[in-house]
file run36.pdb (PDB, C-alpha atoms)
ATOM      1  CA  MET A 386      14.399 -20.846  30.044  1.00  0.00           C
ATOM      2  CA  SER A 387      13.899 -21.596  33.726  1.00  0.00           C
ATOM      3  CA  PHE A 388      13.830 -18.649  36.131  1.00  0.00           C
ATOM      4  CA  PRO A 389      14.643 -18.768  39.873  1.00  0.00           C
ATOM      5  CA  GLN A 390      11.529 -19.164  42.025  1.00  0.00           C
ATOM      6  CA  ASN A 391      12.135 -15.835  43.758  1.00  0.00           C
ATOM      7  CA  THR A 392      12.130 -13.926  40.456  1.00  0.00           C
ATOM      8  CA  PRO A 393       9.427 -11.254  40.607  1.00  0.00           C
ATOM      9  CA  SER A 394       6.912 -11.510  37.804  1.00  0.00           C
ATOM     10  CA  VAL A 395       6.456  -8.755  35.252  1.00  0.00           C
ATOM     11  CA  ASP A 396       3.233  -7.804  37.084  1.00  0.00           C
ATOM     12  CA  ASP A 397       5.099  -7.711  40.429  1.00  0.00           C
ATOM     13  CA  MET A 398       7.630  -5.304  38.959  1.00  0.00           C
ATOM     14  CA  LEU A 399       4.924  -2.850  37.952  1.00  0.00           C
ATOM     15  CA  SER A 400       4.092  -2.189  41.604  1.00  0.00           C
ATOM     16  CA  MET A 401       7.584  -2.679  43.030  1.00  0.00           C
ATOM     17  CA  PRO A 402       9.637   0.402  43.925  1.00  0.00           C
ATOM     18  CA  VAL A 403      12.492   0.848  41.451  1.00  0.00           C
ATOM     19  CA  THR A 404      14.963   1.074  44.351  1.00  0.00           C
ATOM     20  CA  ASP A 405      13.919  -2.427  45.529  1.00  0.00           C
ATOM     21  CA  LEU A 406      14.478  -3.757  42.044  1.00  0.00           C
ATOM     22  CA  ALA A 407      17.849  -2.006  41.810  1.00  0.00           C
ATOM     23  CA  LEU A 408      19.034  -3.545  45.104  1.00  0.00           C
ATOM     24  CA  MET A 409      18.397  -7.152  44.005  1.00  0.00           C
ATOM     25  CA  PRO A 410      21.393  -9.446  43.457  1.00  0.00           C
ATOM     26  CA  SER A 411      22.828  -9.176  39.956  1.00  0.00           C
ATOM     27  CA  SER A 412      22.177 -12.890  39.313  1.00  0.00           C
ATOM     28  CA  LEU A 413      18.475 -12.246  39.977  1.00  0.00           C
ATOM     29  CA  LEU A 414      18.556  -9.161  37.722  1.00  0.00           C
ATOM     30  CA  VAL A 415      19.868 -11.397  34.922  1.00  0.00           C
ATOM     31  CA  ALA A 416      16.898 -13.728  35.444  1.00  0.00           C
ATOM     32  CA  ILE A 417      14.486 -10.788  35.495  1.00  0.00           C
ATOM     33  CA  GLN A 418      15.984  -9.409  32.298  1.00  0.00           C
ATOM     34  CA  ALA A 419      15.578 -12.817  30.630  1.00  0.00           C
ATOM     35  CA  GLU A 420      11.956 -13.030  31.774  1.00  0.00           C
ATOM     36  CA  ILE A 421      11.283  -9.548  30.384  1.00  0.00           C
ATOM     37  CA  ASP A 422      12.881 -10.536  27.065  1.00  0.00           C
ATOM     38  CA  VAL A 423      10.662 -13.642  26.861  1.00  0.00           C
ATOM     39  CA  ALA A 424       7.572 -11.583  27.739  1.00  0.00           C
ATOM     40  CA  ALA A 425       8.475  -8.905  25.169  1.00  0.00           C
ATOM     41  CA  ASP A 426       8.991 -11.522  22.443  1.00  0.00           C
ATOM     42  CA  ARG A 427       5.665 -13.138  23.304  1.00  0.00           C
ATOM     43  CA  MET A 428       3.872  -9.784  23.288  1.00  0.00           C
ATOM     44  CA  LYS A 429       5.401  -8.929  19.908  1.00  0.00           C
ATOM     45  CA  THR A 430       4.204 -12.271  18.534  1.00  0.00           C
ATOM     46  CA  VAL A 431       0.720 -11.842  20.036  1.00  0.00           C
ATOM     47  CA  THR A 432       0.487  -8.297  18.659  1.00  0.00           C
ATOM     48  CA  GLU A 433       1.484  -9.473  15.166  1.00  0.00           C
ATOM     49  CA  ARG A 434      -1.017 -12.359  15.276  1.00  0.00           C
ATOM     50  CA  PHE A 435      -3.810 -10.071  16.469  1.00  0.00           C
ATOM     51  CA  ALA A 436      -3.062  -7.548  13.710  1.00  0.00           C
ATOM     52  CA  LEU A 437      -3.107 -10.373  11.169  1.00  0.00           C
ATOM     53  CA  ALA A 438      -6.437 -11.631  12.560  1.00  0.00           C
ATOM     54  CA  LEU A 439      -7.935  -8.141  12.161  1.00  0.00           C
ATOM     55  CA  GLU A 440      -6.572  -7.959   8.633  1.00  0.00           C
ATOM     56  CA  VAL A 441      -8.109 -11.358   7.785  1.00  0.00           C
ATOM     57  CA  ARG A 442     -11.435 -10.372   9.346  1.00  0.00           C
ATOM     58  CA  TYR A 443     -11.690  -6.934   7.726  1.00  0.00           C
ATOM     59  CA  ALA A 444      -9.730  -7.249   4.460  1.00  0.00           C
ATOM     60  CA  ALA A 445     -12.753  -7.692   2.199  1.00  0.00           C
ATOM     61  CA  ARG A 446     -14.798  -4.985   3.921  1.00  0.00           C
ATOM     62  CA  THR A 447     -11.861  -2.592   3.874  1.00  0.00           C
ATOM     63  CA  SER A 448     -11.305  -3.232   0.183  1.00  0.00           C
ATOM     64  CA  GLU A 449     -14.993  -2.573  -0.561  1.00  0.00           C
ATOM     65  CA  CYS A 450     -14.912   0.696   1.406  1.00  0.00           C
ATOM     66  CA  ARG A 451     -11.686   1.821  -0.266  1.00  0.00           C
ATOM     67  CA  ASN A 452     -13.148   1.116  -3.701  1.00  0.00           C
ATOM     68  CA  HIS A 453     -16.386   2.899  -2.800  1.00  0.00           C
ATOM     69  CA  GLU A 454     -14.498   5.937  -1.492  1.00  0.00           C
ATOM     70  CA  GLU A 455     -11.970   5.740  -4.358  1.00  0.00           C
ATOM     71  CA  LYS A 456      -9.226   5.887  -1.762  1.00  0.00           C
ATOM     72  CA  LYS A 457      -6.162   3.668  -2.270  1.00  0.00           C
ATOM     73  CA  THR A 458      -4.390   4.769   0.921  1.00  0.00           C
ATOM     74  CA  GLY A 459      -5.121   6.655   4.108  1.00  0.00           C
ATOM     75  CA  THR A 460      -7.738   6.117   6.796  1.00  0.00           C
ATOM     76  CA  ILE A 461     -11.237   4.790   6.289  1.00  0.00           C
ATOM     77  CA  ARG A 462     -13.931   4.034   8.852  1.00  0.00           C
ATOM     78  CA  PHE A 463     -16.804   1.593   8.889  1.00  0.00           C
ATOM     79  CA  GLU A 464     -18.989  -0.086  11.465  1.00  0.00           C
ATOM     80  CA  ASP A 465     -19.051  -3.727  12.525  1.00  0.00           C
ATOM     81  CA  ASN A 466     -21.923  -4.530  14.906  1.00  0.00           C
ATOM     82  CA  GLY A 467     -21.679  -1.256  16.820  1.00  0.00           C
ATOM     83  CA  VAL A 468     -17.867  -1.095  16.724  1.00  0.00           C
ATOM     84  CA  VAL A 469     -16.209   1.533  14.569  1.00  0.00           C
ATOM     85  CA  VAL A 470     -13.340  -0.005  12.626  1.00  0.00           C
ATOM     86  CA  ILE A 471     -10.615   2.444  11.651  1.00  0.00           C
ATOM     87  CA  ALA A 472      -8.445   1.003   8.888  1.00  0.00           C
ATOM     88  CA  ASP A 473      -5.308   2.867   7.921  1.00  0.00           C
ATOM     89  CA  LEU A 474      -3.133   2.094   4.930  1.00  0.00           C
ATOM     90  CA  PRO A 475      -0.230   4.547   5.102  1.00  0.00           C
ATOM     91  CA  LYS A 476       1.782   5.717   2.127  1.00  0.00           C
ATOM     92  CA  ARG A 477       5.493   4.973   2.169  1.00  0.00           C
ATOM     93  CA  ILE A 478       7.103   7.315  -0.338  1.00  0.00           C
ATOM     94  CA  THR A 479      10.701   6.979  -1.466  1.00  0.00           C
ATOM     95  CA  TRP A 480      12.478   9.155  -3.984  1.00  0.00           C
ATOM     96  CA  ASP A 481      15.300   8.221  -6.325  1.00  0.00           C
ATOM     97  CA  GLN A 482      18.071  10.530  -5.136  1.00  0.00           C
ATOM     98  CA  ALA A 483      19.978  10.614  -8.431  1.00  0.00           C
ATOM     99  CA  GLN A 484      16.856  11.486 -10.407  1.00  0.00           C
ATOM    100  CA  LEU A 485      15.889  14.180  -7.895  1.00  0.00           C
ATOM    101  CA  ALA A 486      19.364  15.696  -8.154  1.00  0.00           C
ATOM    102  CA  GLN A 487      18.940  15.855 -11.943  1.00  0.00           C
ATOM    103  CA  ILE A 488      15.484  17.394 -11.574  1.00  0.00           C
ATOM    104  CA  ALA A 489      16.913  20.010  -9.180  1.00  0.00           C
ATOM    105  CA  GLU A 490      19.603  20.838 -11.739  1.00  0.00           C
ATOM    106  CA  ASN A 491      16.973  21.156 -14.478  1.00  0.00           C
ATOM    107  CA  ILE A 492      14.864  23.477 -12.313  1.00  0.00           C
ATOM    108  CA  ALA A 493      17.909  25.622 -11.467  1.00  0.00           C
ATOM    109  CA  SER A 494      19.026  25.803 -15.101  1.00  0.00           C
ATOM    110  CA  ALA A 495      15.527  27.013 -16.011  1.00  0.00           C
ATOM    111  CA  GLY A 496      16.064  29.936 -13.620  1.00  0.00           C
ATOM    112  CA  GLU A 497      13.813  28.633 -10.848  1.00  0.00           C
ATOM    113  CA  ASP A 498      14.661  27.820  -7.249  1.00  0.00           C
ATOM    114  CA  PRO A 499      14.624  24.024  -6.720  1.00  0.00           C
ATOM    115  CA  THR A 500      14.389  24.485  -2.924  1.00  0.00           C
ATOM    116  CA  GLU A 501      10.762  25.502  -3.419  1.00  0.00           C
ATOM    117  CA  PHE A 502      10.071  21.865  -4.326  1.00  0.00           C
ATOM    118  CA  ILE A 503      12.973  19.738  -3.117  1.00  0.00           C
ATOM    119  CA  GLU A 504      14.262  19.403   0.451  1.00  0.00           C
ATOM    120  CA  THR A 505      17.932  18.688   0.980  1.00  0.00           C
ATOM    121  CA  THR A 506      19.386  17.196   4.132  1.00  0.00           C
ATOM    122  CA  LEU A 507      23.102  17.344   4.743  1.00  0.00           C
ATOM    123  CA  LYS A 508      24.765  15.183   7.365  1.00  0.00           C
ATOM    124  CA  VAL A 509      28.137  13.729   8.221  1.00  0.00           C
ATOM    125  CA  SER A 510      28.535  10.188   9.529  1.00  0.00           C
ATOM    126  CA  GLU A 511      30.190  10.049  12.952  1.00  0.00           C
ATOM    127  CA  ARG A 512      32.732   7.525  11.670  1.00  0.00           C
ATOM    128  CA  LYS A 513      33.837   9.859   8.872  1.00  0.00           C
ATOM    129  CA  TYR A 514      33.823  12.864  11.209  1.00  0.00           C
ATOM    130  CA  THR A 515      36.162  11.180  13.695  1.00  0.00           C
ATOM    131  CA  ALA A 516      38.436  10.109  10.821  1.00  0.00           C
ATOM    132  CA  LEU A 517      38.944  13.728   9.718  1.00  0.00           C
ATOM    133  CA  PRO A 518      42.182  15.496  10.619  1.00  0.00           C
ATOM    134  CA  GLU A 519      41.708  17.575  13.768  1.00  0.00           C
ATOM    135  CA  SER A 520      42.060  20.852  11.863  1.00  0.00           C
ATOM    136  CA  TRP A 521      39.155  19.856   9.632  1.00  0.00           C
ATOM    137  CA  ARG A 522      37.049  18.601  12.557  1.00  0.00           C
ATOM    138  CA  LYS A 523      37.328  22.044  14.188  1.00  0.00           C
ATOM    139  CA  GLY A 524      35.699  23.528  11.097  1.00  0.00           C
ATOM    140  CA  PHE A 525      32.756  21.143  11.433  1.00  0.00           C
ATOM    141  CA  GLU A 526      32.249  21.634  15.185  1.00  0.00           C
ATOM    142  CA  PRO A 527      29.984  24.708  14.969  1.00  0.00           C
ATOM    143  CA  ALA A 528      27.519  22.688  12.870  1.00  0.00           C
ATOM    144  CA  ARG A 529      27.646  19.588  15.104  1.00  0.00           C
ATOM    145  CA  THR A 530      25.347  18.980  18.055  1.00  0.00           C
ATOM    146  CA  VAL A 531      25.745  15.924  20.258  1.00  0.00           C
ATOM    147  CA  ARG A 532      22.636  14.703  22.070  1.00  0.00           C
ATOM    148  CA  ILE A 533      22.984  12.037  24.692  1.00  0.00           C
ATOM    149  CA  GLY A 534      20.595   9.112  24.459  1.00  0.00           C
ATOM    150  CA  LYS A 535      18.932   7.137  27.216  1.00  0.00           C
ATOM    151  CA  PRO A 536      21.329   4.782  29.003  1.00  0.00           C
ATOM    152  CA  LYS A 537      20.891   1.078  28.281  1.00  0.00           C
ATOM    153  CA  PHE A 538      22.243  -1.848  30.256  1.00  0.00           C
ATOM    154  CA  ARG A 539      22.548  -5.520  29.302  1.00  0.00           C
ATOM    155  CA  LEU A 540      23.415  -8.192  31.838  1.00  0.00           C
ATOM    156  CA  VAL A 541      25.161 -11.385  30.772  1.00  0.00           C
ATOM    157  CA  LEU A 542      25.748 -14.202  33.211  1.00  0.00           C
ATOM    158  CA  GLY A 543      29.078 -15.964  33.099  1.00  0.00           C
ATOM    159  CA  GLU A 544      30.967 -13.830  30.555  1.00  0.00           C
ATOM    160  CA  GLU A 545      34.238 -12.103  31.306  1.00  0.00           C
ATOM    161  CA  VAL A 546      34.506  -8.341  31.420  1.00  0.00           C
ATOM    162  CA  ARG A 547      36.250  -7.037  28.329  1.00  0.00           C
TER
END

call {"tool": "encode", "arguments": {"input": "run36.pdb", "output": "structure tokens"}}
result
Amino acid sequence: MSFPQNTPSVDDMLSMPVTDLALMPSSLLVAIQAEIDVAADRMKTVTERFALALEVRYAARTSECRNHEEKKTGTIRFEDNGVVVIADLPKRITWDQAQLAQIAENIASAGEDPTEFIETTLKVSERKYTALPESWRKGFEPARTVRIGKPKFRLVLGEEVR
């Protein structure tokens, strides 16, 4: 994509007062947004490639260290020519919800408290909440907290307002 010549670079924007940026013509803001998107995509690609390069470089050494330490996951450290390499292999645990529900029932039927072992999270989807009759929604309101997120803006050149 070609950007107007007067488009400030990403580096320029780091030192530019936000008010100056905010006062630019909207057509220039669209170009800036596009340039940021391109830069972000490139940085994501570079970051992924660099991580892959580190994995290629240190895969064998990491595997040796993990075997030596008898550690399948977690963080290990080793040295490479004066540089400490910290390799982390996180665990990603998922639980079968139906089986956990059965286990909780079994624990309860044995006279024990399943909440000592099993955490339960209750939530209501916003779509289902708004579909409830108003009388029901009022009953849910004391348990509902609305937090406002950070505002986001997208600029699109040449589209009609809807």

call {"tool": "resolve_selection", "arguments": {"input": "run36.pdb", "expression": "the PyMOL selection byres ((chain A and resi 411) around 12)", "output": "PyMOL selection string"}}
result
chain A and resi 392+406-410+412-418+539-543

call {"tool": "atom_distance", "arguments": {"input": "run36.pdb", "atom1": "atom CA of Phe525 of chain A", "atom2": "atom CA of Val509 of chain A"}}
result
9.3 Å

call {"tool": "resolve_selection", "arguments": {"input": "run36.pdb", "expression": "the PyMOL selection byres ((chain A and resi 483-490) around 10)", "output": "PyMOL selection string"}}
result
chain A and resi 480-482+491-500+502-505

call {"tool": "write_last_selection", "arguments": {"input": "run36.pdb", "atoms": "C-alpha atoms", "output": "tab-separated table (two decimals), in the coordinates of the input"}}
result
chain	number	residue	atom	x	y	z
A	480	TRP	CA	12.48	9.15	-3.98
A	481	ASP	CA	15.30	8.22	-6.32
A	482	GLN	CA	18.07	10.53	-5.14
A	491	ASN	CA	16.97	21.16	-14.48
A	492	ILE	CA	14.86	23.48	-12.31
A	493	ALA	CA	17.91	25.62	-11.47
A	494	SER	CA	19.03	25.80	-15.10
A	495	ALA	CA	15.53	27.01	-16.01
A	496	GLY	CA	16.06	29.94	-13.62
A	497	GLU	CA	13.81	28.63	-10.85
A	498	ASP	CA	14.66	27.82	-7.25
A	499	PRO	CA	14.62	24.02	-6.72
A	500	THR	CA	14.39	24.48	-2.92
A	502	PHE	CA	10.07	21.86	-4.33
A	503	ILE	CA	12.97	19.74	-3.12
A	504	GLU	CA	14.26	19.40	0.45
A	505	THR	CA	17.93	18.69	0.98

call {"tool": "atom_distance", "arguments": {"input": "run36.pdb", "atom1": "atom CA of Gln390 of chain A", "atom2": "atom CA of Thr430 of chain A"}}
result
25.6 Å

call {"tool": "closest_residue", "arguments": {"input": "run36.pdb", "among": "A:Arg427, A:Lys513, A:Arg434, A:Lys476", "to": "Thr460 of chain A", "atoms": "all atoms listed in the file"}}
result
A:Lys476

call {"tool": "atom_distance", "arguments": {"input": "run36.pdb", "atom1": "atom CA of Asp465 of chain A", "atom2": "atom CA of Arg451 of chain A"}}
result
15.8 Å

call {"tool": "axis_aligned_box", "arguments": {"input": "run36.pdb", "around": "segment 418-436 of chain A", "padding_each_side": "4 Å", "output": "lines of an AutoDock Vina configuration file"}}
result
center_x = 6.1
center_y = -10.6
center_z = 23.0
size_x = 27.8
size_y = 14.1
size_z = 26.6

call {"tool": "closest_residue", "arguments": {"input": "run36.pdb", "among": "A:Arg477, A:Arg529, A:Arg446, A:Lys537", "to": "Arg462 of chain A", "atoms": "all atoms listed in the file"}}
result
A:Arg446

call {"tool": "resolve_selection", "arguments": {"input": "run36.pdb", "expression": "the PyMOL selection byres ((chain A and resi 436-444) around 12)", "output": "ChimeraX atom specification"}}
result
/A:429-435,445-451,461-465,469-474

call {"tool": "write_last_selection", "arguments": {"input": "run36.pdb", "atoms": "C-alpha atoms", "output": "compact mmCIF listing (two decimals), in the frame of the given file"}}
result
# COMPACT_ATOMS: atom_id res chain seq x y z
CA LYS A 429 5.40 -8.93 19.91
CA THR A 430 4.20 -12.27 18.53
CA VAL A 431 0.72 -11.84 20.04
CA THR A 432 0.49 -8.30 18.66
CA GLU A 433 1.48 -9.47 15.17
CA ARG A 434 -1.02 -12.36 15.28
CA PHE A 435 -3.81 -10.07 16.47
CA ALA A 445 -12.75 -7.69 2.20
CA ARG A 446 -14.80 -4.99 3.92
CA THR A 447 -11.86 -2.59 3.87
CA SER A 448 -11.30 -3.23 0.18
CA GLU A 449 -14.99 -2.57 -0.56
CA CYS A 450 -14.91 0.70 1.41
CA ARG A 451 -11.69 1.82 -0.27
CA ILE A 461 -11.24 4.79 6.29
CA ARG A 462 -13.93 4.03 8.85
CA PHE A 463 -16.80 1.59 8.89
CA GLU A 464 -18.99 -0.09 11.46
CA ASP A 465 -19.05 -3.73 12.52
CA VAL A 469 -16.21 1.53 14.57
CA VAL A 470 -13.34 0.00 12.63
CA ILE A 471 -10.62 2.44 11.65
CA ALA A 472 -8.44 1.00 8.89
CA ASP A 473 -5.31 2.87 7.92
CA LEU A 474 -3.13 2.09 4.93

call {"tool": "closest_residue", "arguments": {"input": "run36.pdb", "among": "A:Leu399, A:Val423, A:Glu526, A:Ile478", "to": "Glu511 of chain A", "atoms": "all atoms listed in the file"}}
result
A:Glu526
